[in-house]
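File shown here: start.pdb, holding PDB, C-alpha atoms.
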ATOM      1  CA  MET A   1     -22.727  42.967   1.234
ATOM      2  CA  THR A   2     -21.393  40.455   3.764
ATOM      3  CA  GLY A   3     -20.056  38.512   0.810
ATOM      4  CA  VAL A   4     -17.875  41.462  -0.176
ATOM      5  CA  TRP A   5     -16.407  41.589   3.335
ATOM      6  CA  ALA A   6     -15.862  37.831   3.328
ATOM      7  CA  LEU A   7     -14.017  38.154   0.010
ATOM      8  CA  LEU A   8     -11.866  41.048   1.253
ATOM      9  CA  GLY A   9     -11.155  39.114   4.463
ATOM     10  CA  ALA A  10     -10.087  36.051   2.481
ATOM     11  CA  LEU A  11      -7.790  38.166   0.288
ATOM     12  CA  ALA A  12      -6.216  39.752   3.387
ATOM     13  CA  VAL A  13      -5.705  36.376   5.092
ATOM     14  CA  ALA A  14      -4.172  34.894   1.938
ATOM     15  CA  GLY A  15      -1.829  37.888   1.691
ATOM     16  CA  ALA A  16      -0.804  37.551   5.338
ATOM     17  CA  ILE A  17      -0.178  33.796   5.075
ATOM     18  CA  GLY A  18       1.759  34.319   1.844
ATOM     19  CA  VAL A  19       4.040  36.929   3.402
ATOM     20  CA  LEU A  20       4.505  34.911   6.597
ATOM     21  CA  LEU A  21       5.436  31.737   4.739
ATOM     22  CA  LYS A  22       7.787  33.556   2.361
ATOM     23  CA  VAL A  23       9.564  35.137   5.324
ATOM     24  CA  ARG A  24       9.826  31.848   7.208
ATOM     25  CA  GLU A  25      10.778  29.795   4.143
ATOM     26  CA  GLY A  26      14.223  28.307   4.592
ATOM     27  CA  ARG A  27      14.695  29.905   8.005
ATOM     28  CA  ILE A  28      17.274  28.159  10.135
ATOM     29  CA  SER A  29      16.751  27.623  13.824
ATOM     30  CA  SER A  30      19.879  26.690  15.713
ATOM     31  CA  ARG A  31      19.708  24.282  18.592
ATOM     32  CA  GLU A  32      21.894  21.856  20.415
ATOM     33  CA  THR A  33      19.619  19.068  21.532
ATOM     34  CA  SER A  34      20.277  15.377  21.862
ATOM     35  CA  ALA A  35      16.822  14.009  22.576
ATOM     36  CA  ASP A  36      16.224  10.341  21.827
ATOM     37  CA  LEU A  37      15.865  10.049  18.087
ATOM     38  CA  PRO A  38      13.248   7.709  16.612
ATOM     39  CA  ALA A  39      14.818   4.580  15.107
ATOM     40  CA  PRO A  40      14.063   5.405  11.430
ATOM     41  CA  VAL A  41      16.010   8.654  11.860
ATOM     42  CA  ARG A  42      18.870   7.128  13.868
ATOM     43  CA  ASP A  43      19.384   4.549  11.113
ATOM     44  CA  LEU A  44      20.166   7.319   8.631
ATOM     45  CA  LEU A  45      23.017   8.908  10.575
ATOM     46  CA  ALA A  46      26.398   8.916   8.831
ATOM     47  CA  PRO A  47      29.825  10.141   9.990
ATOM     48  CA  GLY A  48      30.060  13.948  10.061
ATOM     49  CA  VAL A  49      26.759  15.795   9.711
ATOM     50  CA  THR A  50      23.652  14.229   8.180
ATOM     51  CA  LEU A  51      20.881  16.375   6.718
ATOM     52  CA  VAL A  52      17.739  14.357   7.374
ATOM     53  CA  GLN A  53      14.991  15.743   5.170
ATOM     54  CA  LEU A  54      11.462  14.823   6.229
ATOM     55  CA  SER A  55       9.085  14.589   3.256
ATOM     56  CA  THR A  56       5.643  13.265   2.383
ATOM     57  CA  THR A  57       4.159  11.923  -0.839
ATOM     58  CA  PHE A  58       1.956  14.997  -1.049
ATOM     59  CA  CYS A  59       4.683  17.565  -0.695
ATOM     60  CA  ALA A  60       5.579  19.323  -3.932
ATOM     61  CA  PRO A  61       8.377  21.576  -2.544
ATOM     62  CA  CYS A  62      10.087  18.506  -1.034
ATOM     63  CA  ARG A  63      11.427  17.731  -4.482
ATOM     64  CA  HIS A  64      13.111  21.131  -4.720
ATOM     65  CA  ALA A  65      14.575  20.714  -1.242
ATOM     66  CA  LYS A  66      15.914  17.306  -2.232
ATOM     67  CA  VAL A  67      17.672  18.673  -5.316
ATOM     68  CA  ILE A  68      19.319  21.496  -3.323
ATOM     69  CA  LEU A  69      20.363  19.327  -0.381
ATOM     70  CA  SER A  70      21.687  16.341  -2.310
ATOM     71  CA  ASP A  71      23.741  18.687  -4.477
ATOM     72  CA  LEU A  72      25.078  20.525  -1.427
ATOM     73  CA  ALA A  73      25.971  17.241   0.295
ATOM     74  CA  SER A  74      27.749  15.857  -2.762
ATOM     75  CA  ARG A  75      29.986  18.942  -2.892
ATOM     76  CA  THR A  76      30.684  19.212   0.822
ATOM     77  CA  ASP A  77      33.029  16.929   2.756
ATOM     78  CA  GLY A  78      31.542  15.400   5.870
ATOM     79  CA  LEU A  79      27.964  16.218   4.830
ATOM     80  CA  THR A  80      25.402  13.563   3.906
ATOM     81  CA  HIS A  81      21.826  13.994   2.713
ATOM     82  CA  ALA A  82      19.091  11.481   3.512
ATOM     83  CA  GLU A  83      15.394  11.757   2.817
ATOM     84  CA  LEU A  84      12.827  10.162   5.096
ATOM     85  CA  ASP A  85       9.263   9.791   3.844
ATOM     86  CA  VAL A  86       7.033  10.278   6.877
ATOM     87  CA  THR A  87       3.710   9.960   5.014
ATOM     88  CA  ASN A  88       3.040   6.783   6.951
ATOM     89  CA  LEU A  89       5.216   7.624   9.956
ATOM     90  CA  PRO A  90       3.288  10.505  11.558
ATOM     91  CA  ASP A  91       4.547   9.456  15.005
ATOM     92  CA  VAL A  92       8.138   9.966  13.940
ATOM     93  CA  ALA A  93       7.330  13.488  12.699
ATOM     94  CA  ALA A  94       5.369  14.278  15.850
ATOM     95  CA  SER A  95       8.119  13.067  18.180
ATOM     96  CA  LEU A  96      10.539  15.400  16.381
ATOM     97  CA  GLY A  97       8.063  18.278  16.642
ATOM     98  CA  VAL A  98       7.814  18.541  12.850
ATOM     99  CA  MET A  99       4.487  19.859  11.525
ATOM    100  CA  ARG A 100       5.246  20.800   7.941
ATOM    101  CA  THR A 101       7.267  19.334   5.131
ATOM    102  CA  PRO A 102       9.929  19.729   4.002
ATOM    103  CA  THR A 103      11.692  20.121   7.331
ATOM    104  CA  THR A 104      15.384  19.314   7.416
ATOM    105  CA  LEU A 105      17.305  18.366  10.565
ATOM    106  CA  ALA A 106      21.089  18.587  10.704
ATOM    107  CA  LEU A 107      22.286  15.776  12.964
ATOM    108  CA  THR A 108      25.762  14.773  14.070
ATOM    109  CA  ALA A 109      26.881  11.147  13.992
ATOM    110  CA  ASP A 110      25.986  10.731  17.670
ATOM    111  CA  GLY A 111      22.489  12.084  17.152
ATOM    112  CA  VAL A 112      22.844  15.675  18.349
ATOM    113  CA  GLU A 113      20.611  18.045  16.400
ATOM    114  CA  VAL A 114      22.576  21.184  15.565
ATOM    115  CA  LEU A 115      19.939  22.999  13.540
ATOM    116  CA  ARG A 116      16.764  22.571  11.558
ATOM    117  CA  VAL A 117      15.333  24.272   8.482
ATOM    118  CA  GLY A 118      11.635  24.721   7.714
ATOM    119  CA  GLY A 119      10.642  24.789   4.053
ATOM    120  CA  VAL A 120      13.004  24.747   1.076
ATOM    121  CA  PRO A 121      16.505  25.575   2.385
ATOM    122  CA  LYS A 122      18.606  28.396   0.976
ATOM    123  CA  ARG A 123      21.858  26.803  -0.032
ATOM    124  CA  ASP A 124      24.384  29.451   1.003
ATOM    125  CA  THR A 125      22.825  30.398   4.339
ATOM    126  CA  LEU A 126      22.516  26.727   5.246
ATOM    127  CA  LEU A 127      26.134  25.994   4.346
ATOM    128  CA  ALA A 128      27.296  28.951   6.428
ATOM    129  CA  ALA A 129      25.276  27.781   9.426
ATOM    130  CA  LEU A 130      26.621  24.230   9.078
ATOM    131  CA  GLN A 131      30.253  25.281   8.721
ATOM    132  CA  PRO A 132      31.161  25.238  12.480
ATOM    133  CA  HIS A 133      29.893  21.655  12.747
ATOM    134  CA  LEU A 134      31.667  20.250   9.709
ATOM    135  CA  PRO A 135      35.065  18.539   9.978
TER     136      PRO A 135
ATOM    137  CA  MET B   1      -7.416   4.280  -7.947
ATOM    138  CA  PRO B   2      -5.575   5.138 -11.192
ATOM    139  CA  LYS B   3      -2.372   7.083 -10.796
ATOM    140  CA  ASP B   4      -1.993  10.248 -12.884
ATOM    141  CA  ALA B   5       1.169  11.069 -14.808
ATOM    142  CA  PRO B   6       3.227  14.108 -13.713
ATOM    143  CA  VAL B   7       1.974  17.376 -15.209
ATOM    144  CA  ASP B   8       3.253  20.761 -16.456
ATOM    145  CA  PRO B   9       3.136  22.774 -13.183
ATOM    146  CA  ARG B  10       1.668  25.823 -14.928
ATOM    147  CA  GLY B  11      -1.552  23.913 -15.677
ATOM    148  CA  PRO B  12      -2.535  23.570 -12.001
ATOM    149  CA  ARG B  13      -1.622  27.228 -11.422
ATOM    150  CA  PHE B  14      -4.025  28.275 -14.194
ATOM    151  CA  SER B  15      -6.646  25.952 -12.779
ATOM    152  CA  ALA B  16      -6.145  27.480  -9.313
ATOM    153  CA  TRP B  17      -6.788  30.973 -10.748
ATOM    154  CA  MET B  18     -10.061  29.731 -12.253
ATOM    155  CA  THR B  19     -11.034  28.151  -8.925
ATOM    156  CA  THR B  20     -10.217  31.425  -7.150
ATOM    157  CA  VAL B  21     -12.508  33.349  -9.514
ATOM    158  CA  ILE B  22     -15.336  30.830  -9.081
ATOM    159  CA  LEU B  23     -15.063  30.936  -5.287
ATOM    160  CA  ALA B  24     -14.982  34.753  -5.340
ATOM    161  CA  VAL B  25     -18.178  34.800  -7.439
ATOM    162  CA  VAL B  26     -19.799  32.402  -4.936
ATOM    163  CA  LEU B  27     -18.852  34.691  -2.034
ATOM    164  CA  LEU B  28     -20.187  37.783  -3.809
ATOM    165  CA  THR B  29     -23.450  36.250  -4.999
ATOM    166  CA  GLY B  30     -24.134  33.422  -2.537
ATOM    167  CA  TRP B  31     -24.960  31.276  -5.598
ATOM    168  CA  TRP B  32     -24.654  27.869  -3.971
ATOM    169  CA  ARG B  33     -25.324  25.875  -7.142
ATOM    170  CA  LEU B  34     -22.071  27.201  -8.566
ATOM    171  CA  LEU B  35     -20.285  26.089  -5.403
ATOM    172  CA  ALA B  36     -21.964  22.679  -5.713
ATOM    173  CA  ALA B  37     -20.576  22.385  -9.253
ATOM    174  CA  GLN B  38     -17.101  23.312  -7.981
ATOM    175  CA  THR B  39     -17.466  20.670  -5.244
ATOM    176  CA  VAL B  40     -18.217  18.013  -7.866
ATOM    177  CA  LEU B  41     -15.199  19.160  -9.869
ATOM    178  CA  PHE B  42     -12.926  18.916  -6.810
ATOM    179  CA  ALA B  43     -14.283  15.418  -6.112
ATOM    180  CA  MET B  44     -13.683  14.202  -9.680
ATOM    181  CA  CYS B  45     -10.086  15.461  -9.674
ATOM    182  CA  ALA B  46      -9.309  14.151  -6.197
ATOM    183  CA  PHE B  47     -10.973  10.753  -6.357
ATOM    184  CA  ILE B  48     -11.005   9.806 -10.052
ATOM    185  CA  SER B  49      -8.413  11.611 -12.170
ATOM    186  CA  LEU B  50      -6.889  15.026 -12.759
ATOM    187  CA  LYS B  51      -7.679  14.498 -16.447
ATOM    188  CA  LEU B  52     -11.321  15.269 -15.666
ATOM    189  CA  ASN B  53     -10.459  18.854 -14.823
ATOM    190  CA  PRO B  54     -11.911  21.019 -17.652
ATOM    191  CA  TRP B  55      -9.441  23.828 -16.843
ATOM    192  CA  GLY B  56      -6.626  21.399 -17.583
ATOM    193  CA  HIS B  57      -8.053  20.941 -21.075
ATOM    194  CA  VAL B  58      -8.457  24.696 -21.560
ATOM    195  CA  TYR B  59      -4.824  25.107 -20.505
ATOM    196  CA  ARG B  60      -3.614  22.368 -22.835
ATOM    197  CA  TYR B  61      -5.456  23.583 -25.917
ATOM    198  CA  ALA B  62      -5.573  27.353 -25.481
ATOM    199  CA  ILE B  63      -2.580  28.371 -23.383
ATOM    200  CA  GLN B  64       0.174  25.765 -23.482
ATOM    201  CA  PRO B  65       0.787  26.031 -27.266
ATOM    202  CA  ARG B  66       1.274  29.806 -26.910
ATOM    203  CA  ILE B  67       3.868  29.806 -24.139
ATOM    204  CA  THR B  68       7.428  28.535 -23.903
ATOM    205  CA  PRO B  69       7.494  24.803 -23.226
ATOM    206  CA  THR B  70       8.961  23.607 -19.958
ATOM    207  CA  THR B  71      10.513  20.293 -19.062
ATOM    208  CA  GLU B  72       9.586  20.804 -15.432
ATOM    209  CA  ARG B  73       7.002  18.343 -14.182
ATOM    210  CA  GLU B  74       5.028  18.182 -10.990
ATOM    211  CA  GLU B  75       3.921  14.954  -9.350
ATOM    212  CA  ALA B  76       0.181  14.321  -9.411
ATOM    213  CA  ALA B  77      -0.165  13.045  -5.822
ATOM    214  CA  PRO B  78       0.199  16.457  -4.101
ATOM    215  CA  LEU B  79      -2.209  17.994  -6.620
ATOM    216  CA  ARG B  80      -4.854  15.377  -6.022
ATOM    217  CA  PHE B  81      -4.420  15.675  -2.294
ATOM    218  CA  ALA B  82      -4.974  19.445  -2.578
ATOM    219  CA  GLN B  83      -8.143  18.834  -4.614
ATOM    220  CA  GLY B  84      -9.342  16.558  -1.817
ATOM    221  CA  VAL B  85      -8.816  19.299   0.771
ATOM    222  CA  GLY B  86     -10.663  21.735  -1.526
ATOM    223  CA  PHE B  87     -13.480  19.207  -1.846
ATOM    224  CA  VAL B  88     -14.025  19.059   1.928
ATOM    225  CA  PHE B  89     -14.227  22.852   2.283
ATOM    226  CA  ALA B  90     -16.430  23.274  -0.804
ATOM    227  CA  LEU B  91     -18.766  20.536   0.435
ATOM    228  CA  ILE B  92     -19.146  22.185   3.841
ATOM    229  CA  GLY B  93     -19.693  25.524   2.075
ATOM    230  CA  THR B  94     -22.374  24.102  -0.244
ATOM    231  CA  LEU B  95     -24.206  22.451   2.636
ATOM    232  CA  GLY B  96     -24.001  25.703   4.608
ATOM    233  CA  TYR B  97     -25.427  27.890   1.850
ATOM    234  CA  ALA B  98     -28.042  25.331   0.779
ATOM    235  CA  THR B  99     -29.413  24.791   4.286
ATOM    236  CA  GLY B 100     -29.549  28.471   5.202
ATOM    237  CA  LEU B 101     -26.434  28.412   7.408
ATOM    238  CA  THR B 102     -25.034  31.208   5.275
ATOM    239  CA  THR B 103     -22.256  32.162   7.690
ATOM    240  CA  LEU B 104     -20.922  28.591   7.664
ATOM    241  CA  GLY B 105     -21.150  28.594   3.866
ATOM    242  CA  MET B 106     -19.223  31.854   3.654
ATOM    243  CA  VAL B 107     -16.498  30.852   6.096
ATOM    244  CA  ALA B 108     -15.863  27.519   4.362
ATOM    245  CA  THR B 109     -15.870  29.165   0.923
ATOM    246  CA  ALA B 110     -13.542  31.929   2.131
ATOM    247  CA  LEU B 111     -11.083  29.337   3.516
ATOM    248  CA  ALA B 112     -11.140  27.433   0.217
ATOM    249  CA  LEU B 113     -10.517  30.736  -1.577
ATOM    250  CA  VAL B 114      -7.491  31.494   0.632
ATOM    251  CA  ALA B 115      -5.950  28.135  -0.284
ATOM    252  CA  ALA B 116      -6.779  28.468  -3.998
ATOM    253  CA  LEU B 117      -5.362  31.987  -4.169
ATOM    254  CA  LEU B 118      -2.114  31.018  -2.409
ATOM    255  CA  ASN B 119      -1.776  28.166  -4.870
ATOM    256  CA  ALA B 120      -2.498  30.377  -7.889
ATOM    257  CA  ALA B 121      -0.391  33.393  -6.924
ATOM    258  CA  LEU B 122       2.552  31.760  -5.152
ATOM    259  CA  GLY B 123       2.408  28.116  -6.198
ATOM    260  CA  LEU B 124       2.006  27.293  -2.540
ATOM    261  CA  CYS B 125       0.012  24.217  -1.581
ATOM    262  CA  LEU B 126      -1.115  24.724   2.004
ATOM    263  CA  GLY B 127      -2.756  21.333   2.359
ATOM    264  CA  CYS B 128       0.382  19.585   1.092
ATOM    265  CA  GLU B 129       2.782  21.328   3.459
ATOM    266  CA  MET B 130       0.390  20.883   6.341
ATOM    267  CA  TYR B 131      -0.243  17.215   5.552
ATOM    268  CA  LEU B 132       1.319  16.090   8.824
ATOM    269  CA  LEU B 133      -0.858  18.527  10.770
ATOM    270  CA  LEU B 134      -3.988  17.401   8.915
ATOM    271  CA  ARG B 135      -3.087  13.794   9.464
ATOM    272  CA  ARG B 136      -2.770  14.399  13.157
ATOM    273  CA  TYR B 137      -6.050  16.249  13.624
ATOM    274  CA  ALA B 138      -8.152  14.818  10.785
ATOM    275  CA  PRO B 139      -6.778  11.332  10.097
ATOM    276  CA  ALA B 140      -9.680  10.332   7.839
ATOM    277  CA  LEU B 141      -9.177  13.364   5.602
ATOM    278  CA  ALA B 142      -5.455  12.859   5.292
ATOM    279  CA  ARG B 143      -5.610   9.173   4.443
ATOM    280  CA  PRO B 144      -3.216   8.504   1.564
ATOM    281  CA  GLN B 145      -5.394   8.350  -1.524
ATOM    282  CA  SER B 146      -3.523   7.706  -4.682
ATOM    283  CA  GLN B 147      -1.252   4.879  -3.693
TER     284      GLN B 147
END

Step by step, read the file and then write its structure as structure tokens.
Amino acid sequence: MTGVWALLGALAVAGAIGVLLKVREGRISSRETSADLPAPVRDLLAPGVTLVQLSTTFCAPCRHAKVILSDLASRTDGLTHAELDVTNLPDVAASLGVMRTPTTLALTADGVEVLRVGGVPKRDTLLAALQPHLP
Amino acid sequence: MPKDAPVDPRGPRFSAWMTTVILAVVLLTGWWRLLAAQTVLFAMCAFISLKLNPWGHVYRYAIQPRITPTTEREEAAPLRFAQGVGFVFALIGTLGYATGLTTLGMVATALALVAALLNAALGLCLGCEMYLLLRRYAPALARPQSQ
């Protein structure tokens, strides 16, 4: 009988996690911080706004994020996309407060983070949020 | 360790459904030998090759020819990593059930079932997205395997 409850509990937890992650997927959190960026991230900064996408080797959705972001960057003036594989750079991810991949940071040329996106970004909402920061 | 070629993403989804069913049966019956078999399967896929997964063969011969082909391919590394995470939970579950620590067995099996079901129903790989978190709190588990 306990097994039945364990099964129902597992189904409920899976449902809750599924809903939570779907809701949070691609959510944008705005910020205006200029903390010291780790060197591997600073090296990627380009003029305008750079979308630094943090990925790992084991991250399947990172590929989808990459396709969306590189396409968006190629069509938008002043926007650059760069991917950083943090599989072997856990300290870099930790210092940025990033716990899941893909996470994308939008950074200005002088290293100010204007927003970040958890999960696979939604193209139109992201572009709208970036608009005020683009030249 | 040999590197697997990218795969049709619907194969792993089918396989995840089968894993979900097996884990549900284990929870309902407490049949730890079935969980032990699943543990071995996880280990073979994670540490040797995804080609050893019997569900992959079932998919290839019985299902793939009947559905529309896709050019989409999924990298093998995340899949193998996920199998490794499944292996750890299934192993703890088997040891729990087999040694009489039934609650431990159930909790570990239920957690593995949550991950398998999310993978099957939504194509979501918890272990892969949480790799950074795992690496931080369980460095040995999250050691890169297939490089």

(message) as a VMD selection string, please: the residues near Thr50 of chain A (cut-off 12 Å, all atoms listed in the file, same-chain neighbours under 2 positions excluded).
(response) chain A and resid 41 to 48 52 to 53 69 to 70 72 to 74 76 to 84 104 to 116 130 133 to 134

Restrict the calculation to only C-alpha atoms, then for each residue of chain B with any atom at most 10 Å from an atom of chain A give the closest atom pair and their distance in Å to one decimal, rows by chain and rising residue number, as JSON lines.
{"residue": "B:Leu23", "atom": "CA", "partner": "A:Leu7", "partner_atom": "CA", "distance": 9.0}
{"residue": "B:Ala24", "atom": "CA", "partner": "A:Leu7", "partner_atom": "CA", "distance": 6.4}
{"residue": "B:Val25", "atom": "CA", "partner": "A:Leu7", "partner_atom": "CA", "distance": 9.2}
{"residue": "B:Val26", "atom": "CA", "partner": "A:Gly3", "partner_atom": "CA", "distance": 8.4}
{"residue": "B:Leu27", "atom": "CA", "partner": "A:Gly3", "partner_atom": "CA", "distance": 4.9}
{"residue": "B:Leu28", "atom": "CA", "partner": "A:Gly3", "partner_atom": "CA", "distance": 4.7}
{"residue": "B:Thr29", "atom": "CA", "partner": "A:Gly3", "partner_atom": "CA", "distance": 7.1}
{"residue": "B:Gly30", "atom": "CA", "partner": "A:Gly3", "partner_atom": "CA", "distance": 7.3}
{"residue": "B:Glu74", "atom": "CA", "partner": "A:Ala60", "partner_atom": "CA", "distance": 7.2}
{"residue": "B:Glu75", "atom": "CA", "partner": "A:Ala60", "partner_atom": "CA", "distance": 7.2}
{"residue": "B:Ala76", "atom": "CA", "partner": "A:Phe58", "partner_atom": "CA", "distance": 8.6}
{"residue": "B:Ala77", "atom": "CA", "partner": "A:Phe58", "partner_atom": "CA", "distance": 5.6}
{"residue": "B:Pro78", "atom": "CA", "partner": "A:Phe58", "partner_atom": "CA", "distance": 3.8}
{"residue": "B:Leu79", "atom": "CA", "partner": "A:Phe58", "partner_atom": "CA", "distance": 7.6}
{"residue": "B:Arg80", "atom": "CA", "partner": "A:Phe58", "partner_atom": "CA", "distance": 8.4}
{"residue": "B:Phe81", "atom": "CA", "partner": "A:Phe58", "partner_atom": "CA", "distance": 6.5}
{"residue": "B:Ala82", "atom": "CA", "partner": "A:Phe58", "partner_atom": "CA", "distance": 8.4}
{"residue": "B:Thr102", "atom": "CA", "partner": "A:Gly3", "partner_atom": "CA", "distance": 9.9}
{"residue": "B:Thr103", "atom": "CA", "partner": "A:Thr2", "partner_atom": "CA", "distance": 9.2}
{"residue": "B:Met106", "atom": "CA", "partner": "A:Ala6", "partner_atom": "CA", "distance": 6.9}
{"residue": "B:Val107", "atom": "CA", "partner": "A:Ala6", "partner_atom": "CA", "distance": 7.5}
{"residue": "B:Thr109", "atom": "CA", "partner": "A:Ala6", "partner_atom": "CA", "distance": 9.0}
{"residue": "B:Ala110", "atom": "CA", "partner": "A:Ala10", "partner_atom": "CA", "distance": 5.4}
{"residue": "B:Leu111", "atom": "CA", "partner": "A:Ala10", "partner_atom": "CA", "distance": 6.9}
{"residue": "B:Ala112", "atom": "CA", "partner": "A:Ala10", "partner_atom": "CA", "distance": 9.0}
{"residue": "B:Leu113", "atom": "CA", "partner": "A:Ala10", "partner_atom": "CA", "distance": 6.7}
{"residue": "B:Val114", "atom": "CA", "partner": "A:Ala14", "partner_atom": "CA", "distance": 4.9}
{"residue": "B:Ala115", "atom": "CA", "partner": "A:Ala14", "partner_atom": "CA", "distance": 7.3}
{"residue": "B:Ala116", "atom": "CA", "partner": "A:Ala14", "partner_atom": "CA", "distance": 9.1}
{"residue": "B:Leu117", "atom": "CA", "partner": "A:Ala14", "partner_atom": "CA", "distance": 6.9}
{"residue": "B:Leu118", "atom": "CA", "partner": "A:Ala14", "partner_atom": "CA", "distance": 6.2}
{"residue": "B:Asn119", "atom": "CA", "partner": "A:Gly18", "partner_atom": "CA", "distance": 9.8}
{"residue": "B:Ala121", "atom": "CA", "partner": "A:Gly18", "partner_atom": "CA", "distance": 9.1}
{"residue": "B:Leu122", "atom": "CA", "partner": "A:Gly18", "partner_atom": "CA", "distance": 7.5}
{"residue": "B:Gly123", "atom": "CA", "partner": "A:Pro61", "partner_atom": "CA", "distance": 9.6}
{"residue": "B:Leu124", "atom": "CA", "partner": "A:Gly18", "partner_atom": "CA", "distance": 8.3}
{"residue": "B:Cys125", "atom": "CA", "partner": "A:Ala60", "partner_atom": "CA", "distance": 7.8}
{"residue": "B:Leu126", "atom": "CA", "partner": "A:Arg100", "partner_atom": "CA", "distance": 9.5}
{"residue": "B:Gly127", "atom": "CA", "partner": "A:Phe58", "partner_atom": "CA", "distance": 8.6}
{"residue": "B:Cys128", "atom": "CA", "partner": "A:Cys59", "partner_atom": "CA", "distance": 5.1}
{"residue": "B:Glu129", "atom": "CA", "partner": "A:Arg100", "partner_atom": "CA", "distance": 5.1}
{"residue": "B:Met130", "atom": "CA", "partner": "A:Arg100", "partner_atom": "CA", "distance": 5.1}
{"residue": "B:Tyr131", "atom": "CA", "partner": "A:Arg100", "partner_atom": "CA", "distance": 7.0}
{"residue": "B:Leu132", "atom": "CA", "partner": "A:Met99", "partner_atom": "CA", "distance": 5.6}
{"residue": "B:Leu133", "atom": "CA", "partner": "A:Met99", "partner_atom": "CA", "distance": 5.6}
{"residue": "B:Leu134", "atom": "CA", "partner": "A:Met99", "partner_atom": "CA", "distance": 9.2}
{"residue": "B:Arg135", "atom": "CA", "partner": "A:Pro90", "partner_atom": "CA", "distance": 7.5}
{"residue": "B:Arg136", "atom": "CA", "partner": "A:Pro90", "partner_atom": "CA", "distance": 7.4}
{"residue": "B:Ala142", "atom": "CA", "partner": "A:Thr87", "partner_atom": "CA", "distance": 9.6}
{"residue": "B:Arg143", "atom": "CA", "partner": "A:Asn88", "partner_atom": "CA", "distance": 9.3}
{"residue": "B:Pro144", "atom": "CA", "partner": "A:Thr87", "partner_atom": "CA", "distance": 7.9}
{"residue": "B:Gln145", "atom": "CA", "partner": "A:Phe58", "partner_atom": "CA", "distance": 9.9}
{"residue": "B:Ser146", "atom": "CA", "partner": "A:Thr57", "partner_atom": "CA", "distance": 9.6}
{"residue": "B:Gln147", "atom": "CA", "partner": "A:Thr57", "partner_atom": "CA", "distance": 9.3}

(request) Could you expand the PyMOL selection byres ((chain A and resi 122) around 9) into the explicit residues it covers here, written as a list in words? (result) Glu25, Gly26, Arg27, Ala65, Ile68, Val120, Pro121, Arg123, Asp124, Thr125, Leu126 and Leu127 of chain A

(request) Give me, please, the distance in Å between atom CA of Arg66 of chain B and atom CA of Asp8 of chain B, quoted to one decimal. (result) 14.0 Å

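Atom pair atom CA of Leu96 of chain A / atom CA of Leu54 of chain A has a distance of 10.2 Å (rounded to one decimal).
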